[in-house]
Structures are given as C-alpha cells and as structure tokens.
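File shown: structure09.cif (mmCIF, C-alpha atoms).
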```cif
data_work
#
loop_
_atom_site.label_atom_id
_atom_site.label_comp_id
_atom_site.auth_asym_id
_atom_site.auth_seq_id
_atom_site.Cartn_x
_atom_site.Cartn_y
_atom_site.Cartn_z
CA MET X 235 1.41 0.66 0.08
CA VAL X 236 0.53 -1.49 -2.92
CA ALA X 237 -2.02 -0.79 -5.65
CA LEU X 238 -4.43 -3.73 -5.73
CA ASP X 239 -6.25 -5.04 -8.81
CA ASP X 240 -9.61 -3.59 -7.80
CA GLU X 241 -8.67 0.12 -7.60
CA ARG X 242 -7.93 -0.13 -3.89
CA PHE X 243 -4.63 0.27 -2.10
CA GLY X 244 -3.28 -2.32 0.31
CA LEU X 245 -1.33 -1.23 3.33
CA PHE X 246 1.31 -3.75 4.37
CA ARG X 247 3.66 -3.68 7.33
CA VAL X 248 7.37 -3.92 6.62
CA TRP X 249 7.51 -7.68 7.20
CA GLU X 250 4.42 -8.40 5.06
CA ASN X 251 4.50 -9.06 1.35
CA PRO X 252 1.48 -9.55 -0.92
CA GLU X 253 3.58 -11.77 -3.19
CA ASP X 254 3.95 -14.17 -0.25
CA GLY X 255 0.18 -14.29 0.19
CA ASP X 256 0.04 -11.86 3.11
CA GLU X 257 -3.25 -10.02 3.53
CA PRO X 258 -3.03 -6.24 3.76
CA PHE X 259 -3.20 -4.64 7.19
CA ALA X 260 -5.76 -2.28 5.65
CA THR X 261 -7.33 -1.63 2.27
CA LEU X 262 -8.17 1.92 1.27
CA THR X 263 -9.95 3.36 -1.74
CA ASP X 264 -8.34 6.79 -1.63
CA ARG X 265 -4.67 6.97 -2.68
CA ASP X 266 -3.84 10.02 -0.57
CA THR X 267 -5.33 8.40 2.53
CA ALA X 268 -3.36 5.24 1.77
CA LEU X 269 -0.15 7.29 1.52
CA LEU X 270 -0.84 8.98 4.86
CA ALA X 271 -1.54 5.62 6.46
CA ALA X 272 1.67 4.22 4.91
CA ALA X 273 3.61 7.15 6.37
CA PHE X 274 2.30 6.70 9.89
CA LEU X 275 1.67 2.95 10.27
CA PRO X 276 5.31 2.17 11.17
CA LEU X 277 5.33 5.06 13.63
CA VAL X 278 2.42 4.01 15.82
CA ALA X 279 4.02 0.71 16.79
CA ARG X 280 7.36 2.17 17.89
CA THR X 281 8.45 2.90 21.42
CA ARG X 282 7.20 6.28 22.52
CA SER X 283 9.75 9.08 22.86
CA PHE X 284 7.52 11.59 24.63
CA SER X 285 5.66 11.28 27.91
CA THR X 286 4.32 13.51 30.65
CA HIS X 287 4.39 13.14 34.40
CA PRO X 288 2.83 15.28 37.09
CA ALA X 289 5.11 18.02 38.38
CA ASP X 290 5.97 17.92 42.08
CA ASP X 291 6.46 21.68 42.31
CA ALA X 292 3.55 22.88 40.13
CA PRO X 293 0.39 20.79 40.43
CA GLY X 294 -1.60 20.67 37.20
CA ARG X 295 1.44 21.55 35.05
CA PRO X 296 2.87 18.26 33.85
CA VAL X 297 6.51 17.92 32.90
CA LEU X 298 7.11 16.87 29.28
CA TYR X 299 9.82 14.26 28.81
CA ARG X 300 11.63 13.15 25.67
CA ASP X 301 13.46 9.84 25.97
CA GLY X 302 13.35 10.19 29.75
CA ARG X 303 14.81 13.72 29.81
CA ALA X 304 12.70 16.70 30.89
CA VAL X 305 12.27 19.06 27.95
CA GLY X 306 9.51 21.37 29.16
CA ARG X 307 6.21 21.85 30.91
CA LEU X 308 2.66 21.93 29.68
CA HIS X 309 0.13 24.38 31.07
CA PHE X 310 -2.40 21.53 31.21
CA SER X 311 -2.23 17.81 30.56
CA ASP X 312 -2.58 17.30 26.80
CA PRO X 313 -2.32 13.65 25.72
CA GLU X 314 -3.11 14.58 22.10
CA LEU X 315 -0.11 16.91 21.93
CA THR X 316 2.13 14.26 23.48
CA GLU X 317 0.91 11.73 20.89
CA ALA X 318 1.41 14.24 18.07
CA LEU X 319 4.97 14.91 19.24
CA ASP X 320 5.64 11.17 19.22
CA LEU X 321 4.37 10.82 15.68
CA ALA X 322 6.27 13.90 14.50
CA ASP X 323 9.45 12.55 16.12
CA GLY X 324 8.98 9.23 14.33
CA LEU X 325 8.26 10.97 11.04
CA ALA X 326 11.41 13.07 11.38
CA ARG X 327 13.47 9.88 11.84
CA SER X 328 12.00 7.93 8.92
CA PRO X 329 12.89 8.97 5.35
CA ALA X 330 10.40 6.45 3.94
CA SER X 331 7.59 7.92 6.05
CA ILE X 332 8.58 11.47 5.07
CA ALA X 333 8.45 10.46 1.40
CA SER X 334 4.96 8.94 1.74
CA PHE X 335 3.78 11.99 3.68
CA LEU X 336 5.11 14.43 1.06
CA GLU X 337 3.66 12.36 -1.77
CA ALA X 338 0.27 12.46 -0.04
CA ALA X 339 0.59 16.23 0.31
CA GLY X 340 0.70 16.63 -3.46
CA ALA X 341 3.18 17.34 -6.20
CA ALA X 342 3.91 20.93 -5.14
CA ALA X 343 4.61 20.11 -1.48
CA PRO X 344 8.19 18.80 -1.84
CA GLU X 345 9.19 21.74 -4.05
CA LEU X 346 7.65 24.30 -1.68
CA ALA X 347 9.12 22.59 1.37
CA GLY X 348 12.53 22.70 -0.32
CA LYS X 349 12.18 26.44 -0.96
CA ILE X 350 11.22 27.01 2.67
CA LEU X 351 14.20 24.99 3.87
CA VAL X 352 16.58 26.94 1.63
CA ARG X 353 15.27 30.24 3.00
CA ARG X 354 15.64 29.03 6.59
CA SER X 355 19.25 27.95 6.16
#
```
Before anything else, please render the file you have as structure tokens.
Amino acid sequence: MVALDDERFGLFRVWENPEDGDEPFATLTDRDTALLAAAFLPLVARTRSFSTHPADDAPGRPVLYRDGRAVGRLHFSDPELTEALDLADGLARSPASIASFLEAAGAAAPELAGKILVRRS
C-alpha cells in the first residue's frame, strides 16, 4: 500500500512499483480499508489449501480437506467457510499480511493480541 498525492491509497501487487510507472491494482480513500486490502490481496491469488468433497458414507456432509488431507466434516456444504479457512491459512503464513491486518485493526490490537498470546502460552 502506498499513500498517493491526492489523499488516496494505492494498492500494488508485489511485482508492481509506482516508481516504475505501474498503475495501482486499486485506489482506496480509507486507510484502514487499504490496509485490509493490502493484507489479503496476496492471499486471494495463491493456491487454495482447503477444499470440500462429497462424502461417500454420509450424503450431504462434505469432507473438509487441507492440502489434500481429510481434516474434518461439515454438517452442510459451506463454501464461505472453506474460503475463510483459505484466507486465514494464508494470513497465518504471511508476516507482511499479519502486520497490515493488525495495523488496520488499530493501535491497541497488537498489544492486546500479545497479552492474549502470553496468557495462552
């Protein structure tokens, strides 16, 4: 994410650079929205980790797979949950995306998240 001259924020993919004349993938007027978009843009283009397939032994209860390995069953097909798991998996694997996400959450979020992590460990 790059602050533009006109109070907007440009969203650039990793291989794009405004100094090289590249146009932004998106322009946003709200900084927090731009940070969220910066956190998730690299994640939507990656290979999906999660998928579902119909269960042979329990019709209507799809099997949930992660990287080709069965990890559970859903009561009903839920493509939104599968997509959310994919994005969460990508977020968990990308320190740069986590940083943008936490920055978008506000100044207190990293401190509070740190306290929660300390209590859990």
I'd like the contact shell of Gly294 of chain X - 9 Å cut-off, only C-alpha atoms, skipping same-chain residues fewer than 6 positions apart - returned as a short mmCIF file (atom, residue, chain, number, x, y, z; two decimals) with C-alpha atoms, keeping the file's coordinate frame.
```cif
data_model
loop_
_atom_site.label_atom_id
_atom_site.label_comp_id
_atom_site.auth_asym_id
_atom_site.auth_seq_id
_atom_site.Cartn_x
_atom_site.Cartn_y
_atom_site.Cartn_z
CA PRO X 288 2.83 15.28 37.09
CA LEU X 308 2.66 21.93 29.68
CA HIS X 309 0.13 24.38 31.07
CA PHE X 310 -2.40 21.53 31.21
CA SER X 311 -2.23 17.81 30.56
#
```
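Proximity to Ala279 of chain X was assessed for X:Leu351, X:Ala338, X:Ala333, X:Gly324 counting all atoms listed in the file; the smallest distance is recorded for X:Gly324.
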Between atom CA of Glu241 of chain X and atom CA of Leu262 of chain X - distance in Å to one decimal: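 Atom CA of Glu241 of chain X lies 9.1 Å from atom CA of Leu262 of chain X.
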From (-7.1, 0.3, 2.4), in the file's coordinates, out to 10 Å: which residues are reached, counting all atoms listed in the file? Answer as a ChimeraX atom specification. /X:235-238,242-246,258-265,267-269,271-272
Selected residue, from X:Gly306, X:Val248, X:Leu346, X:Pro313, that lies nearest to Leu277 of chain X when counting all atoms listed in the file: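 For Leu277 of chain X, the nearest of the given residues is X:Val248.
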Work out how far apart atom CA of Asp291 of chain X and atom CA of Asp323 of chain X are and give it in Å to one decimal. 27.9 Å
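Across the model, the gap from atom CA of Glu317 of chain X to atom CA of Asp256 of chain X is 29.6 Å.
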Using the chain letters and numbers from the file, give me the residues hit by the PyMOL selection byres ((chain X and resi 328) around 12), as number ranges by chain. X: 272-277, 280, 321-327, 329-335
Can those selected residues be exported to a file as an mmCIF file, in the frame of the given file so that it contains C-alpha atoms?
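Printed below is result29.cif as written:
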```cif
data_model
loop_
_atom_site.group_PDB
_atom_site.id
_atom_site.type_symbol
_atom_site.label_atom_id
_atom_site.label_comp_id
_atom_site.auth_asym_id
_atom_site.auth_seq_id
_atom_site.Cartn_x
_atom_site.Cartn_y
_atom_site.Cartn_z
ATOM 1 C CA ALA X 272 1.670 4.220 4.910
ATOM 2 C CA ALA X 273 3.610 7.150 6.370
ATOM 3 C CA PHE X 274 2.300 6.700 9.890
ATOM 4 C CA LEU X 275 1.670 2.950 10.270
ATOM 5 C CA PRO X 276 5.310 2.170 11.170
ATOM 6 C CA LEU X 277 5.330 5.060 13.630
ATOM 7 C CA ARG X 280 7.360 2.170 17.890
ATOM 8 C CA LEU X 321 4.370 10.820 15.680
ATOM 9 C CA ALA X 322 6.270 13.900 14.500
ATOM 10 C CA ASP X 323 9.450 12.550 16.120
ATOM 11 C CA GLY X 324 8.980 9.230 14.330
ATOM 12 C CA LEU X 325 8.260 10.970 11.040
ATOM 13 C CA ALA X 326 11.410 13.070 11.380
ATOM 14 C CA ARG X 327 13.470 9.880 11.840
ATOM 15 C CA PRO X 329 12.890 8.970 5.350
ATOM 16 C CA ALA X 330 10.400 6.450 3.940
ATOM 17 C CA SER X 331 7.590 7.920 6.050
ATOM 18 C CA ILE X 332 8.580 11.470 5.070
ATOM 19 C CA ALA X 333 8.450 10.460 1.400
ATOM 20 C CA SER X 334 4.960 8.940 1.740
ATOM 21 C CA PHE X 335 3.780 11.990 3.680
#
```
Using all atoms listed in the file, determine which residues lie at most 10 Å from Thr316 of chain X, disregarding the query and same-chain residues fewer than 6 positions distant; provide the list as a PyMOL selection string. chain X and resi 282-286+298-300+308+322
Determine the nearest neighbour of Leu270 of chain X from the options X:Glu257, X:Asp239, X:Glu250, X:Glu337, counting only C-alpha atoms.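 Smallest distance to Leu270 of chain X is found for X:Glu337.
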Would you give the centre and edge lengths, in Å to one decimal, of a box along x, y and z around the listed atoms of segment 324-342 of chain X, with 5 Å added to each side, as JSON?
```
{"center_x": 6.9, "center_y": 13.7, "center_z": 4.1, "size_x": 23.2, "size_y": 24.5, "size_z": 30.5}
```
